Structures are given as C-alpha cells and as structure tokens.
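Content type mmCIF, C-alpha atoms, from the file model.cif:
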```
data_input
loop_
_atom_site.label_atom_id
_atom_site.label_comp_id
_atom_site.auth_asym_id
_atom_site.auth_seq_id
_atom_site.Cartn_x
_atom_site.Cartn_y
_atom_site.Cartn_z
CA MET A 1 55.83 110.14 -7.34
CA ILE A 2 54.91 110.35 -3.69
CA ASP A 3 51.33 111.44 -3.15
CA LYS A 4 50.52 113.93 -0.44
CA LYS A 5 48.96 112.39 2.67
CA PHE A 6 45.23 111.91 2.94
CA LYS A 7 44.58 114.16 5.87
CA ILE A 8 41.31 114.81 7.69
CA ALA A 9 41.26 117.22 10.66
CA ASN A 10 45.07 116.99 10.86
CA LYS A 11 45.10 113.23 11.04
CA ASN A 12 46.75 111.16 8.33
CA PHE A 13 45.08 108.11 6.85
CA LYS A 14 46.59 105.47 4.60
CA SER A 15 43.59 104.63 2.46
CA ARG A 16 41.51 107.10 0.47
CA LEU A 17 38.64 104.63 0.56
CA ILE A 18 36.24 104.85 3.49
CA VAL A 19 33.72 102.04 3.79
CA GLY A 20 30.36 101.70 5.48
CA THR A 21 29.50 98.75 7.72
CA GLY A 22 25.77 98.46 6.98
CA LYS A 23 23.77 96.02 4.86
CA TYR A 24 26.21 93.09 5.05
CA ARG A 25 24.90 89.56 5.41
CA SER A 26 26.95 89.10 8.59
CA PHE A 27 29.55 90.88 10.72
CA LYS A 28 32.04 88.26 9.60
CA GLU A 29 31.51 89.16 5.96
CA CYS A 30 31.67 92.85 6.82
CA ALA A 31 35.02 92.39 8.60
CA LYS A 32 36.43 90.45 5.64
CA ALA A 33 35.28 93.11 3.17
CA ILE A 34 36.85 95.88 5.26
CA LYS A 35 40.12 93.99 5.25
CA ALA A 36 39.96 93.49 1.48
CA SER A 37 39.14 97.18 0.95
CA GLY A 38 42.23 98.32 2.84
CA ALA A 39 40.13 101.06 4.46
CA ASP A 40 41.31 102.49 7.75
CA ILE A 41 38.10 104.42 8.41
CA VAL A 42 34.67 102.79 8.65
CA THR A 43 31.33 104.45 9.27
CA VAL A 44 29.10 103.17 12.06
CA ALA A 45 25.64 104.06 13.32
CA VAL A 46 24.21 104.60 16.81
CA ARG A 47 21.21 102.44 17.69
CA ARG A 48 19.46 100.94 20.71
CA VAL A 49 21.04 97.91 22.38
CA ASN A 50 18.76 94.90 21.99
CA ILE A 51 17.68 94.41 25.59
CA SER A 52 15.70 91.25 24.94
CA ASP A 53 18.47 89.39 23.10
CA ARG A 54 21.74 90.31 24.72
CA ASN A 55 23.69 87.48 23.15
CA LYS A 56 23.34 88.98 19.72
CA ALA A 57 26.71 89.62 18.04
CA ARG A 58 28.05 93.15 18.24
CA LEU A 59 29.93 95.10 15.60
CA MET A 60 32.76 95.91 17.97
CA ASP A 61 33.44 92.20 18.51
CA TYR A 62 34.32 91.91 14.81
CA ILE A 63 35.84 95.27 13.94
CA ASP A 64 38.37 96.47 16.47
CA PRO A 65 38.07 100.23 17.00
CA LYS A 66 41.69 100.29 18.11
CA LYS A 67 42.80 99.13 14.68
CA ILE A 68 40.21 100.82 12.46
CA THR A 69 38.95 104.37 12.94
CA TYR A 70 35.24 104.36 13.68
CA LEU A 71 33.42 107.25 12.08
CA PRO A 72 30.04 107.58 13.81
CA ASN A 73 27.27 108.81 11.54
CA THR A 74 23.83 110.30 12.06
CA ALA A 75 21.97 107.97 9.72
CA GLY A 76 18.23 108.26 10.11
CA CYS A 77 18.31 111.81 11.51
CA PHE A 78 16.02 114.35 9.89
CA ASN A 79 16.83 117.44 11.95
CA ALA A 80 19.71 119.15 13.75
CA GLU A 81 18.43 118.22 17.20
CA ASP A 82 18.42 114.47 16.47
CA ALA A 83 21.80 114.62 14.74
CA ILE A 84 23.43 116.39 17.66
CA ARG A 85 21.82 114.03 20.17
CA THR A 86 23.11 111.03 18.19
CA LEU A 87 26.67 112.31 17.94
CA ARG A 88 26.81 113.23 21.62
CA LEU A 89 25.86 109.62 22.36
CA ALA A 90 28.52 108.39 19.92
CA ARG A 91 31.11 110.50 21.71
CA GLU A 92 29.98 109.04 25.02
CA ILE A 93 30.37 105.46 23.73
CA GLY A 94 34.02 105.88 23.01
CA GLY A 95 35.18 109.47 22.84
CA TRP A 96 34.88 109.96 19.11
CA LYS A 97 35.19 113.53 17.92
CA LEU A 98 35.60 112.87 14.22
CA VAL A 99 32.07 112.30 12.98
CA LYS A 100 30.03 112.07 9.82
CA LEU A 101 27.02 114.33 9.80
CA GLU A 102 24.12 113.36 7.60
CA VAL A 103 20.78 115.06 8.04
CA LEU A 104 18.25 113.77 5.57
CA GLY A 105 15.31 115.69 4.21
CA ASP A 106 13.31 113.15 2.29
CA LYS A 107 12.69 109.50 3.08
CA LYS A 108 12.32 108.52 -0.56
CA ASN A 109 15.45 109.86 -2.24
CA LEU A 110 17.45 110.40 0.98
CA PHE A 111 18.72 113.78 -0.15
CA PRO A 112 20.40 115.85 2.55
CA GLU A 113 18.36 118.58 4.26
CA MET A 114 20.95 121.29 3.81
CA ILE A 115 19.49 123.97 6.11
CA GLU A 116 19.49 121.56 9.06
CA THR A 117 22.88 120.19 7.96
CA LEU A 118 24.42 123.66 8.02
CA LYS A 119 22.88 124.42 11.41
CA SER A 120 24.16 121.11 12.81
CA THR A 121 27.66 121.69 11.41
CA GLU A 122 27.87 125.02 13.23
CA LEU A 123 26.60 123.64 16.54
CA LEU A 124 28.71 120.48 16.47
CA THR A 125 31.86 122.41 15.57
CA LYS A 126 31.26 124.73 18.53
CA GLU A 127 31.01 121.63 20.74
CA GLY A 128 34.42 120.48 19.62
CA PHE A 129 33.40 117.88 17.07
CA LYS A 130 35.33 117.47 13.82
CA VAL A 131 32.50 117.27 11.36
CA MET A 132 32.68 115.55 8.00
CA VAL A 133 29.53 116.60 6.20
CA TYR A 134 27.39 114.62 3.79
CA CYS A 135 25.94 117.22 1.46
CA ASN A 136 24.38 117.98 -1.85
CA ASP A 137 26.61 118.63 -4.86
CA ASP A 138 26.03 122.37 -4.51
CA PRO A 139 29.22 124.48 -4.57
CA LEU A 140 27.61 127.41 -2.71
CA MET A 141 26.39 125.20 0.11
CA ALA A 142 29.78 123.44 0.23
CA LYS A 143 31.39 126.85 0.77
CA ARG A 144 28.98 127.64 3.59
CA LEU A 145 29.77 124.33 5.26
CA GLU A 146 33.47 125.12 5.03
CA ASN A 147 32.87 128.52 6.61
CA ALA A 148 30.83 126.85 9.36
CA GLY A 149 33.83 124.73 10.34
CA ALA A 150 33.38 121.42 8.49
CA VAL A 151 36.56 119.31 8.26
CA ALA A 152 35.54 117.50 5.09
CA ILE A 153 32.99 118.09 2.35
CA MET A 154 31.19 114.92 1.31
CA PRO A 155 28.99 115.55 -1.70
CA LEU A 156 26.77 112.79 -3.02
CA ALA A 157 27.45 111.20 -6.40
CA ALA A 158 23.80 110.11 -6.59
CA PRO A 159 21.12 109.12 -4.02
CA ILE A 160 22.33 106.88 -1.18
CA GLY A 161 22.38 103.23 -2.16
CA SER A 162 21.30 103.97 -5.75
CA GLY A 163 24.52 102.83 -7.43
CA LEU A 164 23.97 105.40 -10.21
CA GLY A 165 27.50 106.80 -10.15
CA ILE A 166 28.51 110.46 -10.40
CA GLN A 167 25.66 112.48 -11.88
CA ASN A 168 27.02 115.99 -11.60
CA VAL A 169 30.64 115.95 -12.70
CA VAL A 170 30.84 119.72 -13.21
CA ASN A 171 29.64 120.60 -9.70
CA ILE A 172 31.98 118.07 -8.10
CA LYS A 173 34.88 119.61 -10.04
CA ILE A 174 33.90 123.10 -8.89
CA ILE A 175 33.53 121.98 -5.27
CA ARG A 176 37.00 120.37 -5.46
CA LYS A 177 38.56 123.48 -6.98
CA GLN A 178 37.14 126.00 -4.53
CA THR A 179 38.03 124.38 -1.21
CA LYS A 180 41.15 123.48 0.72
CA LEU A 181 39.19 120.84 2.66
CA PRO A 182 39.21 117.19 1.64
CA VAL A 183 36.36 116.38 -0.74
CA ILE A 184 35.07 112.86 -0.33
CA ILE A 185 32.39 111.47 -2.61
CA ASP A 186 29.75 109.93 -0.37
CA ALA A 187 26.81 107.91 -1.67
CA GLY A 188 25.73 106.71 -5.08
CA ILE A 189 28.80 104.77 -6.21
CA GLY A 190 27.79 101.60 -8.06
CA GLN A 191 30.91 100.00 -9.45
CA ALA A 192 34.67 100.31 -9.40
CA SER A 193 34.84 102.65 -12.40
CA ASP A 194 32.60 105.16 -10.54
CA ALA A 195 35.17 105.29 -7.74
CA SER A 196 37.96 105.81 -10.27
CA ILE A 197 36.04 108.67 -11.90
CA ALA A 198 35.59 110.33 -8.50
CA MET A 199 39.33 110.16 -7.91
CA GLU A 200 40.13 111.32 -11.45
CA LEU A 201 38.02 114.41 -10.82
CA GLY A 202 40.50 115.24 -8.08
CA CYS A 203 38.44 114.14 -5.09
CA ASP A 204 40.48 113.19 -2.05
CA GLY A 205 38.54 110.08 -1.16
CA VAL A 206 35.43 108.00 -1.67
CA LEU A 207 32.97 106.56 0.84
CA ILE A 208 31.25 103.35 -0.23
CA ASN A 209 28.77 101.08 1.52
CA THR A 210 25.98 99.57 -0.56
CA ALA A 211 28.04 98.98 -3.73
CA ILE A 212 30.31 96.69 -1.72
CA ALA A 213 27.90 95.21 0.81
CA LYS A 214 25.22 94.34 -1.74
CA ALA A 215 27.52 93.07 -4.50
CA LYS A 216 27.18 89.34 -5.15
CA ASN A 217 30.72 88.96 -3.88
CA PRO A 218 31.30 91.81 -1.42
CA ILE A 219 34.86 90.83 -0.62
CA LEU A 220 35.89 90.84 -4.27
CA MET A 221 34.09 94.14 -4.83
CA ALA A 222 35.85 95.60 -1.79
CA GLU A 223 39.17 94.76 -3.37
CA ALA A 224 38.01 96.15 -6.72
CA MET A 225 37.07 99.44 -5.03
CA LYS A 226 40.43 99.59 -3.29
CA LEU A 227 42.24 99.21 -6.61
CA ALA A 228 39.86 101.62 -8.37
CA VAL A 229 40.54 104.35 -5.82
CA ILE A 230 44.30 103.85 -6.04
CA SER A 231 44.11 103.71 -9.83
CA GLY A 232 41.92 106.80 -10.14
CA ARG A 233 44.18 108.74 -7.82
CA LYS A 234 47.31 107.83 -9.79
CA SER A 235 45.51 108.70 -13.01
CA PHE A 236 44.61 112.12 -11.59
CA LEU A 237 48.13 112.81 -10.35
CA SER A 238 49.79 111.73 -13.58
CA GLY A 239 48.06 114.42 -15.65
CA ARG A 240 45.97 113.02 -18.42
CA ILE A 241 46.38 113.82 -22.13
CA ILE A 242 44.14 116.44 -23.67
CA PRO A 243 41.15 114.71 -25.31
CA TYR A 244 41.26 115.08 -29.09
CA LEU A 245 38.54 114.35 -31.56
CA PHE A 246 40.74 112.77 -34.21
CA GLY A 247 43.25 109.96 -34.30
CA SER A 248 46.91 110.38 -33.52
CA ALA A 249 49.11 107.43 -34.54
CA SER A 250 51.13 105.86 -31.78
CA THR A 251 53.75 104.66 -34.24
CA THR A 252 55.95 107.06 -36.18
CA ASN A 253 55.88 107.04 -39.99
CA LYS A 254 59.66 107.58 -40.02
CA GLY A 255 61.39 104.58 -41.58
CA ILE A 256 58.16 103.21 -43.00
CA ILE A 257 58.75 100.64 -45.78
CA MET B 1 1.96 96.75 49.52
CA LYS B 2 4.65 95.48 47.19
CA VAL B 3 2.73 96.58 44.10
CA LYS B 4 2.74 100.18 45.32
CA ASN B 5 6.50 100.11 45.57
CA LYS B 6 6.87 99.53 41.88
CA ILE B 7 7.37 102.25 39.30
CA LYS B 8 6.96 102.15 35.56
CA ILE B 9 9.82 103.27 33.33
CA ILE B 10 10.56 102.98 29.61
CA VAL B 11 13.82 101.37 28.52
CA ASN B 12 14.69 101.47 24.80
CA GLY B 13 11.06 102.03 23.99
CA LYS B 14 9.80 99.13 26.11
CA GLN B 15 7.86 99.53 29.33
CA MET B 16 9.42 97.98 32.43
CA GLN B 17 8.63 97.87 36.11
CA VAL B 18 11.28 98.33 38.72
CA ILE B 19 11.17 98.66 42.49
CA TYR B 20 11.40 101.99 44.22
CA LYS B 21 15.00 103.18 44.86
CA PHE B 22 16.31 101.27 41.87
CA SER B 23 19.43 102.87 40.35
CA ILE B 24 20.51 102.92 36.71
CA LYS B 25 23.39 100.69 37.79
CA ASN B 26 20.85 98.19 39.17
CA LEU B 27 19.00 98.37 35.86
CA MET B 28 22.14 97.64 33.84
CA THR B 29 22.92 94.68 36.10
CA LYS B 30 19.36 93.39 35.79
CA LEU B 31 19.53 93.66 31.98
CA LYS B 32 23.03 92.14 32.00
CA ILE B 33 24.40 94.89 29.78
CA PRO B 34 28.16 95.47 30.15
CA LEU B 35 28.97 99.15 30.61
CA ASN B 36 31.76 99.40 28.09
CA LYS B 37 30.98 100.25 24.46
CA ILE B 38 27.58 101.75 25.27
CA ALA B 39 26.07 105.11 26.15
CA ILE B 40 23.11 105.79 28.43
CA GLU B 41 20.59 108.58 28.17
CA LEU B 42 18.07 109.49 30.85
CA ASN B 43 15.21 111.63 29.59
CA LYS B 44 17.31 112.78 26.62
CA LYS B 45 20.30 113.73 28.77
CA ILE B 46 23.51 111.71 28.66
CA VAL B 47 24.32 110.05 31.95
CA ASP B 48 27.85 109.82 33.32
CA LYS B 49 28.46 106.08 33.62
CA LYS B 50 30.58 106.64 36.72
CA LYS B 51 27.61 108.07 38.58
CA ILE B 52 24.90 105.59 37.67
CA SER B 53 24.87 103.82 41.02
CA LYS B 54 23.65 107.09 42.57
CA ILE B 55 20.98 107.91 40.03
CA TYR B 56 17.64 106.42 41.08
CA LEU B 57 14.91 105.84 38.59
CA GLN B 58 11.72 107.89 38.84
CA LYS B 59 8.25 107.11 37.58
CA GLY B 60 7.98 107.65 33.82
CA ASP B 61 11.72 107.92 33.23
CA LYS B 62 12.81 107.20 29.70
CA ILE B 63 16.12 105.39 29.36
CA GLU B 64 17.98 104.84 26.13
CA ILE B 65 20.91 102.44 26.00
CA VAL B 66 22.77 102.63 22.69
CA HIS B 67 25.79 101.16 20.96
CA PHE B 68 27.33 101.07 17.51
CA ILE B 69 25.86 99.00 14.72
CA GLY B 70 26.70 98.73 11.04
CA GLY B 71 25.90 101.83 9.02
CA GLY B 72 26.92 103.81 5.95
#
```
Could you write out this file's structure as structure tokens?
Amino acid sequence: MIDKKFKIANKNFKSRLIVGTGKYRSFKECAKAIKASGADIVTVAVRRVNISDRNKARLMDYIDPKKITYLPNTAGCFNAEDAIRTLRLAREIGGWKLVKLEVLGDKKNLFPEMIETLKSTELLTKEGFKVMVYCNDDPLMAKRLENAGAVAIMPLAAPIGSGLGIQNVVNIKIIRKQTKLPVIIDAGIGQASDASIAMELGCDGVLINTAIAKAKNPILMAEAMKLAVISGRKSFLSGRIIPYLFGSASTTNKGII
Amino acid sequence: MKVKNKIKIIVNGKQMQVIYKFSIKNLMTKLKIPLNKIAIELNKKIVDKKKISKIYLQKGDKIEIVHFIGGG
C-alpha cells in the first residue's frame, strides 16, 4: 500500500519524523542523530551571535540547510510581539517562510499561551509566513488556529521535555478527525512506543527533541524513533482489529485429534 | 578631543564604544562576523544587509546580531 505524501503547506516531505536540534552534547552528535532519524525537517532557534568568541562552532557548519529543511522556531517567546520579531529575523537569515510558532505562557510547565499564539498565527499568516503551530490539545483552539491560517496543528503530548508520552488520547483523536491540516504531535514524547501511539492515533507526524537528544545513546534512539514512526503509521493504515475482551483462538479446531 | 568623538552603543546586550561616523558594516568588520547566515537588527528593526555600509551608528543604538542555534 502506498501511503499518501506527508505534505505541509503544499510541500512534500519524505519523513514523518521532525527532530529538534537542541540539548545535544555536540553539533557532531546532533548531525549523526539527524541522519539516523531520517528526518528531512529539523527545528532551529534564533539567538545572539557570540561576539566575544567568534570561533565557536555553528549549527549551519554541521547541518546543511540545503539538504535538510530548517524550521525556525520561537522558543523562549512569551508574547506575540517577541514571536513575530524572532520569525522576521529567521526569515532574514535565510528566507524561511515555513516556521514553527511556539508562544509559551508559563516558565514552569512550558504550556502554550493560546491567546497570544492565536494572535501571532493571524499576524504571521498575513505577513506571508506558513505557520506550524505548537498548541494545547484543545480541539476548539485547534479549529481557531486552522481558521486563522495555520498550515499545521502541533498539539503537545505532554509538557515539553517531560517524556511523559501522550496524556490526552481522546482530544488528539478529535483534533485529527476535525481538521484537514496535518496534525503533528509536538512535545512530551519519551520513548519509541509513544511515537508509535501518536501515529496509530492517525497523526501525520511527530516532532521529537529531548527524547532523542537526552537518551543515553541519542543516535540509537533516533533510529528507534524513525522505525517507531514508520511502524505506527503502517499500523494505522492497515486498520487494526476490534479489541475484544475474551480470547479468540488463532488455530482452528477443525481436524483436531 | 578623541574621547568626544566616541559614541556608546549596545551590541548583543554588551556596551561598546565606536568612533563617530562608524557604519554597521564597519562594526561587522571590526567584530569579524561574516554577513551570511546572520540577521541584523537596529533598534528592533531589521536592517537590509546590502545597505549597512550607509547606516551610521548613533549614540545609544541597540544592535542585535543573530543566527540559528540548536532548538526544539
């Protein structure tokens, strides 16, 4: 069976796994993990150039933006103004229009500030950005983001970096059912099975950073996540059996001795 | 007299002194920052990198020079 293409803002991507580039021990390790993950989109952040140590290694020296799609994010932004400022700068660095919006509301649990997120989605869309939106697992808010022009809905599985896995299966299912946009689980994945579950729920993709970068062996975990996403997707497409409380023998009784 | 010709600016949060009639291009050369793969902001407004040799720094200007780093 040939799967339909993973399409975001009319662009096709090979892998349904998007990976973050933060928290790695080195850029070298990060580059290796990206390769092992098979991802063709990676998230990146906008920060000040270190003006006192210019010889410091740069991300772009290790991950070639011509080969891998950079998805600039707004990590660390707590209001629409900062998020828009950050993404304008990202666009200036290299012309990126496809962006990941994340406006946080609380420094402790890193939950998205949805009022500012919605406002930013509207403004950025008007400016010509293609906005993939990190959001809460709230179907009503997801709908509003879609109406505001978002190109992808990215509900959290659990708090960023928590590794708790998908906490609100029902809401994720509802969000998936109600929208034509790609739904990408962003944040909270802990292990490969979490990524599979996301895909089995019918999500179009998964975004993972901490679970790979902070694993004891990030490169192995990157590969595990790649396989988990592929596996979960195939499982979803193949149409699972209906769960049944009692046993059903796999072997026929016909011809029994 | 020389001291009077100097102006204070803030680059990436750090105070710096430059001489009067110093352009953003001069600043980038002084800091040895290559112009590709970065973006420059002057007082919260993005600066067109093609025009930086004609933009002269004023007292109290705030410059931000940014690039991409790892992030989730």
Could you tell me which residues of chain A sit within 8 Å of chain B when counting only C-alpha atoms, and give me the result as a ChimeraX atom specification? /A:19-23,43-49,51,54,58-60,72-73,75,85,88-90,92-94,208-210
Padding 6 Å on each side, edges along x, y and z: where is the centre of the box around the listed atoms of segment 33-45 of chain A, and how long are its edges in Å to one decimal? Output it as AutoDock Vina command-line options.
```
--center_x 33.9 --center_y 98.8 --center_z 7.1 --size_x 28.6 --size_y 23.3 --size_z 24.4
```
Answer key for the PyMOL selection byres ((chain A and resi 13-15) around 7), residues as a ChimeraX atom specification: /A:6-7,11-12,16-17,38-40
What lies within 12 Å of Gln58 of chain B using all atoms listed in the file, ignoring chain neighbours under 2 positions off, as a VMD selection string? chain B and resid 5 to 10 17 to 24 42 to 43 55 to 56 60 to 63
Which residues are close to segment 108-118 of chain A, i.e. within 12 Å by all atoms listed in the file, leaving aside same-chain residues fewer than 2 positions away? Reply as an MDAnalysis selection string. chainID A and resid 74:84 100:106 120:125 131:138 140:150 153:162 186:188
Could you check the closest approach to Gly190 of chain A for each of A:Gly202, A:Ile172, A:Ala33, A:Met225 and tell me which residue wins, using only C-alpha atoms?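 The answer is A:Met225, which sits nearest to Gly190 of chain A.
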Leaving out Ser37 of chain A and any residue of its chain fewer than 4 positions from it, which residues lie within 10 Å of it when counting all atoms listed in the file, given as a list of chain:residue names? A:Ser15, A:Leu17, A:Ile18, A:Val19, A:Ala31, A:Lys32, A:Ala33, A:Ile212, A:Pro218, A:Ile219, A:Leu220, A:Met221, A:Ala222, A:Glu223, A:Ala224, A:Met225, A:Lys226, A:Leu227, A:Val229
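Distance check against Ile34 of chain A using all atoms listed in the file: of A:Ala228, A:Ile241, A:Ala152, A:Ile68, the minimum falls on A:Ile68.
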Can you work out the spacing between atom CA of Ile184 of chain A and atom CA of Ile8 of chain A in Å, to one decimal? 10.3 Å
One number please: atom CA of Val206 of chain A to atom CA of Thr69 of chain A, in Å, one decimal.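 Computing it gives 15.5 Å between the two atoms.
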Just to confirm, what's the straight-line distance from atom CA of Leu87 of chain A to atom CA of Lys50 of chain B in Å (one decimal)?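 Going from atom CA of Leu87 of chain A over to atom CA of Lys50 of chain B covers 20.0 Å.
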